[in-house]
Every structure is written in C-alpha cells, then in structure tokens.
Amino acid sequence: MPATPRPRILIAEDYPIFALGLRQVLKSEGELLGVIDDGDAVAAACVRQGPAVLLLDLSLPGLSGIALLRAVHQAAPEVRIVVLSSVPDEALAASCLEEGAMGFVTRSIEPRELLTAVREVLNGGIVKVLSQPQYVVERKQLRNRAVSRLTPRLREVLALIGRGLTSPQVAVLLGISPRTSEHHRGELYKRLGIANASALYYLAVEYAGSLEGESHSLRES
C-alpha cells in the first residue's frame with residue numbers, strides 16, 4: 001500500500017534564526033519546500049511550488065502586510081495560509097482571516113501549538129492563537145506607557161507608519177522635510193526601544209485605532 005504523501009510546507013520569513021526554528025519544528029510534519037525572504041516573490045513561489053500550507057510573515061521586505069496576504073490568496077487560493085504575527089491583535093487577526101488566511105498565530109507560540117495549528121489548518125479548520133507568555137504581557141505594558149508619553153507629532157507619525165506609509169510618504173502628507181521625517185522615525189526607535197522597521201510597523205498597527213483618532217483631532221484643531 002503506497003505511503004500517504006506528506007503535506008508540502010513553504011515558509012515566508014526573513015529572519016534567518018526564526019526561519020531555522022520553523023524548519024526544525026515543521027520538518028516532522030511535512031515536506032519543507034524552502035524559505036522565501038522577499039515579499040515580492042511569495043505569490044509566485046506558491047504558484048510554482050504548490051505548497052499545501054504557507055507560514056507567512058507579513059513584515060517581509062518588498063510587498064508586505066495585508067497587501068501581501070491578499071496577493072498570495074488571489075494567486076494561489078488553494079494554499080492554506082497561516083500568518084505569523086509579532087502582534088497578538090484581534091483586529092489584525094480578523095483582517096487576516098477575512099482576506100483568506102486560515103490561521104493567525106503569534107510568534108511567541110509554543111512549538112507544539114504551532115504543529116497543532118498546522119494540522120488543524122490542513123484539516124480545513126480555522127486557527128487563531130493570540131496567547132502570550134507573561135514576559136510579553138509585561139513588555140507590552142511598558143510599551144503602552146512609552147507610547148502614551150510620545151509627543152503628539154510622534155504619535156501622528158506612528159499612526160501613519162501603521163497605515164503602511166514610508167518616511168518619504170509621511171513627509172509629504174505632514175508637509176515636513178524627508179530629513180525631519182527620518183528624524184521622527186529615529187526618535188520612535190529610541191523612545192519605544194525598537195530595533196528594526198518590522199517591529200515598528202507591527203507596533204504601529206497594534207495602536208492604529210487610537211492613534212488614528214488622535215491624528216484626525218490634531219488635523220482638525
């Protein structure tokens with residue numbers, strides 16, 4: 001009797017260490033097709049390689065965010081997409097599931113939970129895992145305080161980053177110089193204790209609702 005084919009799994013992740021961890025966890029679950037680290041290449045890779053499951057980081061270089069998820073789902077609707085998120089956000093999870101993802105899990109997920117999520121998705125289920133370890137909860141509380149202490153202008157810039165705008169686009173929208181826009185971004189890195197653009201984007205998405213309200217009030221005043 002022929003053996004049952006193992007499910008084909010593709011990983012879209014640009015952090016090498018995290019990608020290596022995913023490979024180690026998932027190698028017993030299916031046939032690993034490789035790692036894609038460029039958002040512009042993910043949809044084509046899904047069409048070409050035909051994975052059963054795609055583990056998708058939305059903060060890849062190139063095409064990113066919900067636009068990346070939408071592009072993959074439109075190009076390869078048969079692929080079961082599990083979004084890997086740094087942000088345990090209900091609104092973001094809901095948006096991802098509405099756009100075609102079958103799973104949304106945080107990057108703090110335990111290996112056994114990730115395997116369970118992949119199996120559930122392969123069986124046609126919908127998975128959402130937003131739980132966080134206590135140290136993440138405590139770090140988030142500290143981050144909340146840091147955001148509340150930002151100047152109105154920095155909160156406005158953070159809101160625009162959460163909408164996916166680049167520094168030049170922020171400069172045009174706010175009527176400031178590109179250099180000033182970059183300075184504001186640097187201040188956000190420093191004051192929020194953030195080391196890279198992906199982390200800043202996800203933080204901005206997390207606070208998008210409240211920050212957008214502030215931004216509109218500032219423009220109207």
# chains A, B, ... in the order shown; residues from 1 in each chain; ligands from 1
call {"tool": "select_by_dssp", "arguments": {"residues": "range 45-189 of chain A", "states": "strand (DSSP E or B)", "output": "tab-separated table (two decimals) with N, CA and C atoms, in the first residue's frame"}}
result
chain	number	residue	atom	x	y	z
A	53	VAL	N	0.53	24.26	2.71
A	53	VAL	CA	0.49	25.27	3.77
A	53	VAL	C	1.61	26.27	3.57
A	54	LEU	N	1.29	27.54	3.79
A	54	LEU	CA	2.29	28.61	3.77
A	54	LEU	C	2.33	29.26	5.13
A	55	LEU	N	3.50	29.26	5.78
A	55	LEU	CA	3.71	30.03	7.00
A	55	LEU	C	4.19	31.40	6.58
A	56	LEU	N	3.41	32.44	6.84
A	56	LEU	CA	3.63	33.76	6.23
A	56	LEU	C	3.88	34.85	7.26
A	57	ASP	N	5.07	35.43	7.21
A	57	ASP	CA	5.39	36.64	7.98
A	57	ASP	C	4.97	37.84	7.13
A	80	ARG	N	-3.25	26.95	2.00
A	80	ARG	CA	-3.72	27.29	3.34
A	80	ARG	C	-2.66	28.16	4.00
A	81	ILE	N	-3.02	29.40	4.30
A	81	ILE	CA	-2.07	30.39	4.81
A	81	ILE	C	-2.20	30.51	6.32
A	82	VAL	N	-1.06	30.39	7.01
A	82	VAL	CA	-1.00	30.65	8.45
A	82	VAL	C	-0.11	31.87	8.66
A	83	VAL	N	-0.69	32.95	9.13
A	83	VAL	CA	0.06	34.19	9.35
A	83	VAL	C	0.82	34.10	10.66
A	84	LEU	N	2.10	34.48	10.61
A	84	LEU	CA	2.94	34.58	11.80
A	84	LEU	C	3.04	36.06	12.19
A	85	SER	N	2.56	36.42	13.35
A	85	SER	CA	2.50	37.82	13.72
A	85	SER	C	3.25	38.11	15.02
A	103	GLY	N	-5.17	30.66	9.30
A	103	GLY	CA	-4.58	30.65	10.63
A	103	GLY	C	-3.91	31.96	10.93
A	104	PHE	N	-3.92	32.34	12.19
A	104	PHE	CA	-3.23	33.54	12.67
A	104	PHE	C	-2.63	33.18	14.02
A	105	VAL	N	-1.30	33.16	14.10
A	105	VAL	CA	-0.64	32.79	15.35
A	105	VAL	C	0.45	33.81	15.66
A	106	THR	N	0.69	34.01	16.93
A	106	THR	CA	1.77	34.92	17.32
A	106	THR	C	3.11	34.19	17.28
A	127	VAL	N	-7.72	28.65	12.60
A	127	VAL	CA	-6.97	28.70	13.85
A	127	VAL	C	-6.58	30.13	14.18
A	128	LYS	N	-6.77	30.50	15.44
A	128	LYS	CA	-6.31	31.81	15.92
A	128	LYS	C	-5.68	31.61	17.29
A	129	VAL	N	-4.41	31.94	17.42
A	129	VAL	CA	-3.69	31.79	18.68
A	129	VAL	C	-3.09	33.14	19.04
call {"tool": "select_by_dssp", "arguments": {"residues": "chain A", "states": "helix (DSSP H, G or I)", "output": "PyMOL selection string"}}
result
chain A and resi 16-26+39-49+65-75+90-98+111-122+134-148+152-162+167-174+178-192+197-206+208-220
call {"tool": "atom_distance", "arguments": {"atom1": "CA of Thr116 in chain A", "atom2": "CA of Gly30 in chain A"}}
result
12.9 Å
call {"tool": "atom_distance", "arguments": {"atom1": "CA of Leu69 in chain A", "atom2": "CA of Leu122 in chain A"}}
result
18.0 Å
call {"tool": "atom_distance", "arguments": {"atom1": "CA of Val79 in chain A", "atom2": "CA of Val35 in chain A"}}
result
15.6 Å
call {"tool": "closest_residue", "arguments": {"among": "A:Arg155, A:Val205, A:Asn123, A:Ala19", "to": "Leu92 in chain A", "atoms": "only C-alpha atoms"}}
result
A:Val205
call {"tool": "closest_residue", "arguments": {"among": "A:Leu22, A:Ile66, A:Leu188, A:Leu165", "to": "Glu110 in chain A", "atoms": "only C-alpha atoms"}}
result
A:Leu22
call {"tool": "residues_around", "arguments": {"residues": "Ile161 in chain A", "least_positions_apart": "4", "cutoff": "10 Å", "atoms": "only C-alpha atoms", "output": "number ranges by chain"}}
result
A: 155-157, 165-167, 169-170, 185, 197, 200-205, 208
call {"tool": "residues_around", "arguments": {"residues": "Thr180 in chain A", "least_positions_apart": "6", "cutoff": "12 Å", "atoms": "only C-alpha atoms", "output": "list in words"}}
result
Arg153, Leu154, Val157, Ser167, Pro168, Val170, Ala171, Val172, Leu174, Gly186 and Glu187 of chain A
